[in-house]
>>> print(open('protein-v3.pdb').read())   # PDB, C-alpha atoms
ATOM      1  CA  MET A 197      13.086 -13.749  20.462
ATOM      2  CA  PHE A 198      10.013 -12.721  18.462
ATOM      3  CA  GLU A 199       8.084 -11.970  21.670
ATOM      4  CA  ASP A 200      11.029  -9.885  22.904
ATOM      5  CA  GLU A 201      10.891  -7.785  19.744
ATOM      6  CA  LEU A 202       7.129  -7.366  19.824
ATOM      7  CA  GLU A 203       7.081  -4.641  22.462
ATOM      8  CA  LYS A 204       9.639  -2.613  20.489
ATOM      9  CA  ILE A 205       7.711  -3.104  17.240
ATOM     10  CA  LEU A 206       4.443  -2.026  18.873
ATOM     11  CA  SER A 207       6.051   1.073  20.316
ATOM     12  CA  GLU A 208       7.448   1.992  16.872
ATOM     13  CA  ILE A 209       4.024   1.399  15.303
ATOM     14  CA  ALA A 210       2.375   3.722  17.840
ATOM     15  CA  GLU A 211       4.962   6.409  17.124
ATOM     16  CA  GLU A 212       4.491   6.048  13.346
ATOM     17  CA  GLU A 213       0.712   6.281  13.736
ATOM     18  CA  LYS A 214       1.082   9.492  15.720
ATOM     19  CA  GLU A 215       3.389  11.043  13.130
ATOM     20  CA  ALA A 216       1.099  10.017  10.262
ATOM     21  CA  ARG A 217      -1.948  11.532  11.999
ATOM     22  CA  GLU A 218      -0.125  14.818  12.537
ATOM     23  CA  ILE A 219       0.915  14.970   8.860
ATOM     24  CA  ARG A 220      -2.661  14.282   7.695
ATOM     25  CA  ARG A 221      -4.048  16.957  10.033
ATOM     26  CA  ARG A 222      -1.455  19.496   8.957
ATOM     27  CA  MET A 223      -1.721  18.959   5.201
ATOM     28  CA  ALA A 224      -5.502  18.585   4.924
ATOM     29  CA  ASP A 225      -7.415  21.312   3.110
ATOM     30  CA  TRP A 226      -9.807  22.105   5.965
ATOM     31  CA  ASP A 227     -11.798  24.632   3.908
ATOM     32  CA  PHE A 228     -12.534  21.909   1.354
ATOM     33  CA  ILE A 229     -13.465  19.460   4.118
ATOM     34  CA  LYS A 230     -15.829  21.960   5.786
ATOM     35  CA  ARG A 231     -17.627  22.557   2.482
ATOM     36  CA  GLN A 232     -18.514  18.861   2.078
ATOM     37  CA  PRO A 233     -21.887  17.269   2.931
ATOM     38  CA  PRO A 234     -21.982  15.906   6.513
ATOM     39  CA  ARG A 235     -21.366  12.268   5.592
ATOM     40  CA  ILE A 236     -18.324  13.016   3.428
ATOM     41  CA  ARG A 237     -16.977  15.507   5.968
ATOM     42  CA  ALA A 238     -17.278  12.941   8.770
ATOM     43  CA  ALA A 239     -15.557  10.300   6.648
ATOM     44  CA  LEU A 240     -12.641  12.600   5.766
ATOM     45  CA  GLU A 241     -12.216  13.562   9.421
ATOM     46  CA  TYR A 242     -12.368   9.875  10.384
ATOM     47  CA  TYR A 243      -9.636   9.119   7.837
ATOM     48  CA  ILE A 244      -7.441  11.931   9.135
ATOM     49  CA  GLU A 245      -7.662  10.490  12.649
ATOM     50  CA  THR A 246      -7.322   6.788  11.809
ATOM     51  CA  GLY A 247      -5.843   6.344   8.320
ATOM     52  CA  ASP A 248      -8.424   3.575   7.783
ATOM     53  CA  ILE A 249      -9.513   4.079   4.180
ATOM     54  CA  ARG A 250     -11.947   1.171   4.026
ATOM     55  CA  ARG A 251     -14.039   2.193   7.007
ATOM     56  CA  ALA A 252     -13.822   5.843   5.968
ATOM     57  CA  SER A 253     -15.149   5.035   2.483
ATOM     58  CA  ARG A 254     -18.062   3.176   4.090
ATOM     59  CA  ILE A 255     -18.856   6.168   6.296
ATOM     60  CA  ALA A 256     -18.811   8.323   3.169
ATOM     61  CA  GLY A 257     -21.018   5.820   1.358
ATOM     62  CA  VAL A 258     -18.711   5.732  -1.682
ATOM     63  CA  SER A 259     -16.371   3.166  -3.217
ATOM     64  CA  LEU A 260     -12.726   2.898  -2.257
ATOM     65  CA  SER A 261     -11.753   4.376  -5.648
ATOM     66  CA  LYS A 262     -14.007   7.402  -5.169
ATOM     67  CA  PHE A 263     -12.855   7.937  -1.613
ATOM     68  CA  ARG A 264      -9.214   7.866  -2.741
ATOM     69  CA  LYS A 265     -10.101  10.641  -5.207
ATOM     70  CA  LEU A 266     -11.754  12.615  -2.409
ATOM     71  CA  LEU A 267      -8.578  12.329  -0.337
ATOM     72  CA  ARG A 268      -6.592  13.846  -3.203
ATOM     73  CA  GLU A 269      -9.104  16.675  -3.567
ATOM     74  CA  ALA A 270      -8.913  17.335   0.172
ATOM     75  CA  SER A 271      -5.065  17.243   0.045
ATOM     76  CA  ILE A 272      -5.019  14.512   2.652
ATOM     77  CA  PRO A 273      -1.918  12.414   2.074
ATOM     78  CA  VAL A 274      -1.675   8.656   2.441
ATOM     79  CA  VAL A 275       1.183   8.237   4.895
ATOM     80  CA  VAL A 276       2.505   4.693   4.500
TER      81      VAL A 276
ATOM     82  CA  MET B 144      16.409 -10.246 -13.676
ATOM     83  CA  SER B 145      12.770  -9.624 -12.908
ATOM     84  CA  LEU B 146      11.097 -11.121  -9.871
ATOM     85  CA  LYS B 147       8.604 -13.872 -10.524
ATOM     86  CA  LEU B 148       5.304 -13.134  -8.872
ATOM     87  CA  ALA B 149       3.510 -10.348  -7.037
ATOM     88  CA  ILE B 150      -0.048  -9.947  -5.850
ATOM     89  CA  SER B 151      -1.536  -6.482  -5.447
ATOM     90  CA  ASP B 152      -4.285  -5.178  -3.237
ATOM     91  CA  THR B 153      -6.639  -2.374  -4.203
ATOM     92  CA  CYS B 154      -4.966   0.666  -2.636
ATOM     93  CA  PHE B 155      -1.560  -0.218  -4.035
ATOM     94  CA  ILE B 156      -2.728  -0.669  -7.618
ATOM     95  CA  ILE B 157      -4.912   2.467  -7.534
ATOM     96  CA  ASP B 158      -2.080   4.691  -6.345
ATOM     97  CA  TRP B 159       0.622   3.050  -8.427
ATOM     98  CA  SER B 160      -1.442   3.687 -11.581
ATOM     99  CA  TYR B 161      -0.950   7.426 -11.007
ATOM    100  CA  TYR B 162       2.835   7.157 -10.876
ATOM    101  CA  ARG B 163       4.649   8.515 -13.945
ATOM    102  CA  LYS B 164       6.966   5.475 -13.878
ATOM    103  CA  ARG B 165       4.156   2.961 -13.364
ATOM    104  CA  GLU B 166       5.439   0.672 -16.150
ATOM    105  CA  VAL B 167       8.372  -0.196 -13.909
ATOM    106  CA  LEU B 168       6.084  -2.521 -11.974
ATOM    107  CA  ILE B 169       5.480  -4.526 -15.142
ATOM    108  CA  GLU B 170       9.226  -4.857 -15.697
ATOM    109  CA  LEU B 171      10.001  -5.674 -12.080
ATOM    110  CA  PHE B 172       7.712  -8.718 -11.930
ATOM    111  CA  GLN B 173       7.032 -11.429 -14.485
ATOM    112  CA  THR B 174       3.381 -11.639 -13.431
ATOM    113  CA  ILE B 175       1.178  -9.535 -11.153
ATOM    114  CA  LEU B 176      -1.848 -11.284  -9.734
ATOM    115  CA  LEU B 177      -5.030  -9.362  -9.032
ATOM    116  CA  PRO B 178      -7.674 -11.164  -6.977
ATOM    117  CA  GLU B 179     -11.170 -10.719  -8.407
ATOM    118  CA  GLN B 180     -12.163  -8.960  -5.178
ATOM    119  CA  VAL B 181      -9.528  -6.298  -5.848
ATOM    120  CA  LEU B 182     -10.591  -5.672  -9.434
ATOM    121  CA  GLU B 183     -14.204  -5.264  -8.304
ATOM    122  CA  GLU B 184     -13.171  -2.326  -6.109
ATOM    123  CA  VAL B 185     -11.475  -0.369  -8.918
ATOM    124  CA  GLU B 186     -13.706   2.220 -10.590
ATOM    125  CA  ASP B 187     -11.298   4.966 -11.566
ATOM    126  CA  GLU B 188     -10.995   5.171 -15.379
ATOM    127  CA  LYS B 189      -7.256   5.810 -15.404
ATOM    128  CA  VAL B 190      -6.647   2.801 -13.177
ATOM    129  CA  ILE B 191      -9.030   0.418 -14.891
ATOM    130  CA  SER B 192      -7.658   1.218 -18.359
ATOM    131  CA  TRP B 193      -4.074   0.541 -17.217
ATOM    132  CA  ILE B 194      -5.119  -2.716 -15.572
ATOM    133  CA  SER B 195      -7.123  -3.773 -18.647
ATOM    134  CA  LYS B 196      -4.118  -3.152 -20.912
ATOM    135  CA  ASN B 197      -1.933  -5.324 -18.711
ATOM    136  CA  LEU B 198      -4.547  -8.036 -18.356
ATOM    137  CA  ALA B 199      -4.740  -8.127 -22.152
ATOM    138  CA  SER B 200      -0.958  -8.430 -22.519
ATOM    139  CA  GLY B 201      -0.817 -11.146 -19.876
ATOM    140  CA  LYS B 202       1.428  -9.186 -17.505
ATOM    141  CA  MET B 203      -1.414  -9.034 -14.985
ATOM    142  CA  LEU B 204      -3.507 -12.029 -14.190
ATOM    143  CA  LEU B 205      -6.985 -12.027 -12.730
ATOM    144  CA  PHE B 206      -6.972 -14.534  -9.912
ATOM    145  CA  THR B 207      -9.958 -16.409  -8.561
ATOM    146  CA  PRO B 208      -9.289 -17.456  -4.964
ATOM    147  CA  SER B 209     -10.050 -21.059  -4.080
ATOM    148  CA  PRO B 210     -12.658 -21.846  -1.398
ATOM    149  CA  LEU B 211      -9.734 -22.735   0.883
ATOM    150  CA  ASP B 212      -8.097 -19.316   0.229
ATOM    151  CA  LEU B 213     -11.377 -17.621   1.147
ATOM    152  CA  ARG B 214     -11.690 -19.659   4.338
ATOM    153  CA  ARG B 215      -8.077 -18.992   5.339
ATOM    154  CA  ALA B 216      -8.501 -15.275   4.580
ATOM    155  CA  GLU B 217     -11.579 -15.176   6.811
ATOM    156  CA  GLU B 218      -9.633 -16.883   9.606
ATOM    157  CA  LEU B 219      -6.794 -14.367   9.224
ATOM    158  CA  MET B 220      -9.214 -11.425   9.355
ATOM    159  CA  LEU B 221     -10.719 -12.771  12.574
ATOM    160  CA  GLU B 222      -7.324 -13.451  14.110
ATOM    161  CA  VAL B 223      -6.173  -9.911  13.349
ATOM    162  CA  ALA B 224      -9.435  -8.495  14.712
ATOM    163  CA  THR B 225      -8.913 -10.249  18.062
ATOM    164  CA  ARG B 226      -5.520  -8.607  18.598
ATOM    165  CA  PRO B 227      -6.018  -5.186  20.171
ATOM    166  CA  HIS B 228      -2.718  -3.736  18.927
ATOM    167  CA  MET B 229      -3.395  -4.680  15.281
ATOM    168  CA  LYS B 230      -5.184  -2.642  12.618
ATOM    169  CA  ARG B 231      -8.109  -4.507  11.112
ATOM    170  CA  ILE B 232      -7.777  -5.968   7.647
ATOM    171  CA  GLU B 233     -10.601  -6.877   5.301
ATOM    172  CA  MET B 234     -11.152  -9.573   2.727
ATOM    173  CA  PRO B 235      -9.123  -8.139  -0.213
ATOM    174  CA  GLU B 236      -5.981  -7.618   1.923
ATOM    175  CA  ALA B 237      -6.443 -10.906   3.774
ATOM    176  CA  LEU B 238      -6.765 -12.718   0.456
ATOM    177  CA  CYS B 239      -3.577 -11.117  -0.859
ATOM    178  CA  LEU B 240      -1.719 -12.263   2.256
ATOM    179  CA  VAL B 241      -3.086 -15.812   2.063
ATOM    180  CA  ILE B 242      -2.527 -16.238  -1.681
ATOM    181  CA  GLY B 243       0.845 -14.476  -1.570
ATOM    182  CA  SER B 244       1.965 -16.767   1.216
ATOM    183  CA  ARG B 245       0.760 -19.887  -0.621
ATOM    184  CA  LEU B 246       2.366 -18.950  -3.949
ATOM    185  CA  ASN B 247       5.463 -17.324  -2.489
ATOM    186  CA  ALA B 248       4.519 -14.043  -4.179
ATOM    187  CA  ILE B 249       5.442 -10.563  -2.982
ATOM    188  CA  ILE B 250       2.380  -8.846  -1.568
ATOM    189  CA  LEU B 251       1.937  -5.258  -2.737
ATOM    190  CA  THR B 252      -0.138  -3.159  -0.378
ATOM    191  CA  GLU B 253      -0.525   0.285   1.144
ATOM    192  CA  ASN B 254      -2.787  -1.075   3.852
ATOM    193  CA  ARG B 255      -1.278  -0.534   7.267
ATOM    194  CA  GLY B 256      -3.047  -3.561   8.753
ATOM    195  CA  ALA B 257      -1.626  -5.859   6.087
ATOM    196  CA  LEU B 258       1.853  -4.380   6.557
ATOM    197  CA  LEU B 259       1.715  -5.189  10.257
ATOM    198  CA  VAL B 260       0.808  -8.873   9.831
ATOM    199  CA  PRO B 261       4.349 -10.183   9.137
ATOM    200  CA  LYS B 262       5.818  -7.771  11.677
ATOM    201  CA  VAL B 263       3.566  -8.788  14.540
ATOM    202  CA  MET B 264       2.266 -12.305  13.798
ATOM    203  CA  LYS B 265       4.943 -14.948  14.135
ATOM    204  CA  LYS B 266       3.556 -17.494  11.689
ATOM    205  CA  TRP B 267       3.330 -14.819   8.947
ATOM    206  CA  ARG B 268       6.869 -13.623   9.446
ATOM    207  CA  ARG B 269       8.230 -15.142   6.235
ATOM    208  CA  VAL B 270       5.685 -13.381   4.025
ATOM    209  CA  LYS B 271       7.124 -10.509   1.966
ATOM    210  CA  VAL B 272       4.963  -7.401   2.016
ATOM    211  CA  TRP B 273       6.049  -4.355   0.005
ATOM    212  CA  ARG B 274       4.719  -0.826  -0.096
ATOM    213  CA  ALA B 275       5.464   1.518  -2.987
ATOM    214  CA  LEU B 276       8.584   2.491  -1.016
ATOM    215  CA  GLU B 277      10.073  -1.014  -1.187
ATOM    216  CA  THR B 278       8.913  -1.451  -4.794
ATOM    217  CA  ILE B 279      10.678   1.714  -5.949
ATOM    218  CA  LYS B 280      13.744   0.833  -3.884
ATOM    219  CA  GLU B 281      14.008  -2.588  -5.551
ATOM    220  CA  ALA B 282      13.323  -1.124  -9.004
ATOM    221  CA  ILE B 283      16.267   1.258  -8.577
ATOM    222  CA  LYS B 284      18.547  -1.414  -7.111
ATOM    223  CA  ARG B 285      17.770  -3.801  -9.976
ATOM    224  CA  GLY B 286      18.294  -1.119 -12.629
ATOM    225  CA  TYR B 287      14.694  -0.762 -13.833
ATOM    226  CA  ILE B 288      14.802   2.871 -12.763
ATOM    227  CA  LYS B 289      18.038   4.491 -13.881
ATOM    228  CA  VAL B 290      19.722   6.834 -11.455
ATOM    229  CA  PHE B 291      23.064   8.568 -11.808
ATOM    230  CA  SER B 292      23.325  10.547  -8.595
ATOM    231  CA  GLU B 293      22.048  10.787  -5.047
ATOM    232  CA  GLU B 294      19.707  13.548  -6.210
ATOM    233  CA  ASP B 295      18.233  11.200  -8.849
ATOM    234  CA  VAL B 296      17.467   8.670  -6.102
ATOM    235  CA  ARG B 297      15.753  11.288  -3.931
ATOM    236  CA  LYS B 298      13.873  12.648  -6.956
ATOM    237  CA  THR B 299      12.541   9.200  -7.855
ATOM    238  CA  PHE B 300      10.889   8.758  -4.456
ATOM    239  CA  ARG B 301       9.707  12.385  -4.490
ATOM    240  CA  GLU B 302       8.031  11.916  -7.891
ATOM    241  CA  TYR B 303       5.935   9.072  -6.505
ATOM    242  CA  GLU B 304       4.844  11.271  -3.592
ATOM    243  CA  GLU B 305       3.931  14.107  -5.973
ATOM    244  CA  ASP B 306       2.039  11.923  -8.455
ATOM    245  CA  THR B 307       0.014   9.933  -5.945
ATOM    246  CA  GLY B 308      -0.492  12.176  -2.905
ATOM    247  CA  HIS B 309       1.560   9.830  -0.735
ATOM    248  CA  ILE B 310       4.022  10.678   1.941
ATOM    249  CA  PHE B 311       6.609   8.086   2.857
ATOM    250  CA  PRO B 312       7.441   8.029   6.573
ATOM    251  CA  ARG B 313      10.683  10.036   6.750
ATOM    252  CA  ARG B 314      12.607   7.440   8.765
ATOM    253  CA  ASP B 315      11.722   4.670   6.274
ATOM    254  CA  LEU B 316      12.516   6.934   3.335
ATOM    255  CA  ILE B 317      15.975   7.836   4.659
ATOM    256  CA  ARG B 318      16.664   4.154   5.297
ATOM    257  CA  ALA B 319      15.553   3.240   1.746
ATOM    258  CA  ILE B 320      17.648   6.002   0.158
ATOM    259  CA  ASN B 321      20.725   4.926   2.136
ATOM    260  CA  GLU B 322      20.190   1.301   1.155
ATOM    261  CA  VAL B 323      19.964   2.235  -2.526
ATOM    262  CA  LEU B 324      23.038   4.489  -2.339
ATOM    263  CA  SER B 325      25.001   1.777  -0.604
ATOM    264  CA  CYS B 326      23.889  -0.880  -3.114
ATOM    265  CA  LEU B 327      24.822   1.330  -6.066
ATOM    266  CA  ARG B 328      28.022   2.452  -4.306
ATOM    267  CA  MET B 329      27.033   6.079  -4.424
ATOM    268  CA  SER B 330      27.467   6.725  -0.713
TER     269      SER B 330
END
>>> encode(input="protein-v3.pdb", output="structure tokens")
Amino acid sequence: MFEDELEKILSEIAEEEKEAREIRRRMADWDFIKRQPPRIRAALEYYIETGDIRRASRIAGVSLSKFRKLLREASIPVVV
Amino acid sequence: MSLKLAISDTCFIIDWSYYRKREVLIELFQTILLPEQVLEEVEDEKVISWISKNLASGKMLLFTPSPLDLRRAEELMLEVATRPHMKRIEMPEALCLVIGSRLNAIILTENRGALLVPKVMKKWRRVKVWRALETIKEAIKRGYIKVFSEEDVRKTFREYEEDTGHIFPRRDLIRAINEVLSCLRMS
């Protein structure tokens, strides 16, 4: 039963990921992002594409708390 | 009646601290566990002061994972990492899942990888993982957030989005609103 449901769950997850990515791309303040130093800019772009805050904060070289603040400043929503 | 135990990961507690109705969390659960690894990641002054206040009052409890918890969390991280369709989780989320499962606590997270674990991994299916969406939904259903109309219900979810910079997936939000309306016989 669980295995039968898995394919459906995975397809829903893929769809949700796609929607979330589109929302992040659309709502992001791209002017703010472009003004950032290269490392921060790359991390914000990585987050927009993946939604992975931990890896993004490591790319930025800042703590999770600080990266969350950066997301707010860049108007990038957390879609969960 | 409040629920007994919850355990929060870093992203959940950071964002929830910005919510105007954040005290609802304290009413909803008797105790909220915070693993040491989660507290170490919090630097924001607003968040840390709210956590400190609740640690002092005993509503939040700093939790030191046992060596067995740490080992099981590491195993879970590796298991998730070997599944191509899963999103990776790291130690703080894995610890919340392991400890939450052991203590029968509700796991509070905004981490997509952690949310997927009970959906996709059979042996974790019984674990209860809540996002802010489920937390607000339960708070309304249990009367900790007072609502008098359908618009109040919608507004409550909207306020969280405004305060924290979140967006709830629309399909999940509609489902949650309908569940609340049905529970409160407003539909």
>>> residues_around(input="protein-v3.pdb", residues="Arg255 (chain B)", least_positions_apart="4", cutoff="10 Å", atoms="all atoms listed in the file", output="CSV table (one decimal) with C-alpha atoms, in the coordinates of the input")
chain,number,residue,atom,x,y,z
A,209,ILE,CA,4.0,1.4,15.3
A,213,GLU,CA,0.7,6.3,13.7
A,247,GLY,CA,-5.8,6.3,8.3
A,248,ASP,CA,-8.4,3.6,7.8
A,249,ILE,CA,-9.5,4.1,4.2
A,275,VAL,CA,1.2,8.2,4.9
A,276,VAL,CA,2.5,4.7,4.5
B,229,MET,CA,-3.4,-4.7,15.3
B,230,LYS,CA,-5.2,-2.6,12.6
B,231,ARG,CA,-8.1,-4.5,11.1
B,232,ILE,CA,-7.8,-6.0,7.6
B,259,LEU,CA,1.7,-5.2,10.3
B,260,VAL,CA,0.8,-8.9,9.8
B,274,ARG,CA,4.7,-0.8,-0.1
>>> atom_distance(input="protein-v3.pdb", atom1="CA of Ala239 (chain A)", atom2="CA of Arg163 (chain B)")
28.9 Å
>>> closest_residue(input="protein-v3.pdb", among="B:Lys262, B:His309, B:Lys289, B:Arg297", to="Ile205 (chain A)", atoms="all atoms listed in the file")
B:Lys262
>>> residues_around(input="protein-v3.pdb", residues="region 217-219 of chain A", least_positions_apart="6", cutoff="12 Å", atoms="all atoms listed in the file", output="PyMOL selection string")
(chain A and resi 210-211+225+241-248+271-276) or (chain B and resi 309-313)
>>> closest_residue(input="protein-v3.pdb", among="A:Ile229, A:Met223, A:Ala216, A:Leu260", to="Cys154 (chain B)", atoms="only C-alpha atoms")
A:Leu260
>>> atom_distance(input="protein-v3.pdb", atom1="CA of Ile249 (chain B)", atom2="CA of Ile175 (chain B)")
9.3 Å
>>> closest_residue(input="protein-v3.pdb", among="A:Ala238, A:Ser207, A:Gln232, A:Ile255", to="chain B", atoms="only C-alpha atoms")
A:Ser207
>>> residues_near_point(input="protein-v3.pdb", point="(11.5, 3.7, -2.8)", cutoff="9 Å", atoms="all atoms listed in the file", output="ChimeraX atom specification")
/B:274-283,296-297,299-300,303,311,316,319-320,323
>>> atom_distance(input="protein-v3.pdb", atom1="CA of Leu246 (chain B)", atom2="CA of Arg268 (chain B)")
15.1 Å
>>> closest_residue(input="protein-v3.pdb", among="B:Leu324, B:Met329, B:Ala257, B:Val241", to="chain A", atoms="all atoms listed in the file")
B:Ala257
>>> resolve_selection(input="protein-v3.pdb", expression="the PyMOL selection byres ((chain B and resi 164-174) around 6)", output="PyMOL selection string")
chain B and resi 145-148+160+162-163+175+202-203
>>> closest_residue(input="protein-v3.pdb", among="B:Ser209, B:Glu184, B:Gly256, B:Thr307", to="Ala224 (chain B)", atoms="all atoms listed in the file")
B:Gly256
>>> closest_residue(input="protein-v3.pdb", among="A:Leu266, A:Ser261, A:Asp227, A:Ile236", to="chain B", atoms="only C-alpha atoms")
A:Ser261
>>> resolve_selection(input="protein-v3.pdb", expression="the PyMOL selection byres ((chain B and resi 213) around 12)", output="ChimeraX atom specification")
/B:178-180,207-212,214-220,233-242
>>> write_last_selection(input="protein-v3.pdb", atoms="C-alpha atoms", output="mmCIF file, in the coordinates of the input")
data_model
loop_
_atom_site.group_PDB
_atom_site.id
_atom_site.type_symbol
_atom_site.label_atom_id
_atom_site.label_comp_id
_atom_site.auth_asym_id
_atom_site.auth_seq_id
_atom_site.Cartn_x
_atom_site.Cartn_y
_atom_site.Cartn_z
ATOM 1 C CA PRO B 178 -7.674 -11.164 -6.977
ATOM 2 C CA GLU B 179 -11.170 -10.719 -8.407
ATOM 3 C CA GLN B 180 -12.163 -8.960 -5.178
ATOM 4 C CA THR B 207 -9.958 -16.409 -8.561
ATOM 5 C CA PRO B 208 -9.289 -17.456 -4.964
ATOM 6 C CA SER B 209 -10.050 -21.059 -4.080
ATOM 7 C CA PRO B 210 -12.658 -21.846 -1.398
ATOM 8 C CA LEU B 211 -9.734 -22.735 0.883
ATOM 9 C CA ASP B 212 -8.097 -19.316 0.229
ATOM 10 C CA ARG B 214 -11.690 -19.659 4.338
ATOM 11 C CA ARG B 215 -8.077 -18.992 5.339
ATOM 12 C CA ALA B 216 -8.501 -15.275 4.580
ATOM 13 C CA GLU B 217 -11.579 -15.176 6.811
ATOM 14 C CA GLU B 218 -9.633 -16.883 9.606
ATOM 15 C CA LEU B 219 -6.794 -14.367 9.224
ATOM 16 C CA MET B 220 -9.214 -11.425 9.355
ATOM 17 C CA GLU B 233 -10.601 -6.877 5.301
ATOM 18 C CA MET B 234 -11.152 -9.573 2.727
ATOM 19 C CA PRO B 235 -9.123 -8.139 -0.213
ATOM 20 C CA GLU B 236 -5.981 -7.618 1.923
ATOM 21 C CA ALA B 237 -6.443 -10.906 3.774
ATOM 22 C CA LEU B 238 -6.765 -12.718 0.456
ATOM 23 C CA CYS B 239 -3.577 -11.117 -0.859
ATOM 24 C CA LEU B 240 -1.719 -12.263 2.256
ATOM 25 C CA VAL B 241 -3.086 -15.812 2.063
ATOM 26 C CA ILE B 242 -2.527 -16.238 -1.681
#
>>> residues_around(input="protein-v3.pdb", residues="Phe263 (chain A)", least_positions_apart="5", cutoff="10 Å", atoms="all atoms listed in the file", output="PyMOL selection string")
chain A and resi 236+239-240+249-250+252-254+256-258+268-269
>>> write_last_selection(input="protein-v3.pdb", atoms="C-alpha atoms", output="mmCIF file, in the frame of the given file")
data_model
loop_
_atom_site.group_PDB
_atom_site.id
_atom_site.type_symbol
_atom_site.label_atom_id
_atom_site.label_comp_id
_atom_site.auth_asym_id
_atom_site.auth_seq_id
_atom_site.Cartn_x
_atom_site.Cartn_y
_atom_site.Cartn_z
ATOM 1 C CA ILE A 236 -18.324 13.016 3.428
ATOM 2 C CA ALA A 239 -15.557 10.300 6.648
ATOM 3 C CA LEU A 240 -12.641 12.600 5.766
ATOM 4 C CA ILE A 249 -9.513 4.079 4.180
ATOM 5 C CA ARG A 250 -11.947 1.171 4.026
ATOM 6 C CA ALA A 252 -13.822 5.843 5.968
ATOM 7 C CA SER A 253 -15.149 5.035 2.483
ATOM 8 C CA ARG A 254 -18.062 3.176 4.090
ATOM 9 C CA ALA A 256 -18.811 8.323 3.169
ATOM 10 C CA GLY A 257 -21.018 5.820 1.358
ATOM 11 C CA VAL A 258 -18.711 5.732 -1.682
ATOM 12 C CA ARG A 268 -6.592 13.846 -3.203
ATOM 13 C CA GLU A 269 -9.104 16.675 -3.567
#
>>> residues_around(input="protein-v3.pdb", residues="Ile250 (chain B)", least_positions_apart="5", cutoff="7 Å", atoms="only C-alpha atoms", output="list in words")
Ala149, Ile150, Ser151, Cys239, Leu240, Gly243, Lys271, Val272 and Trp273 of chain B
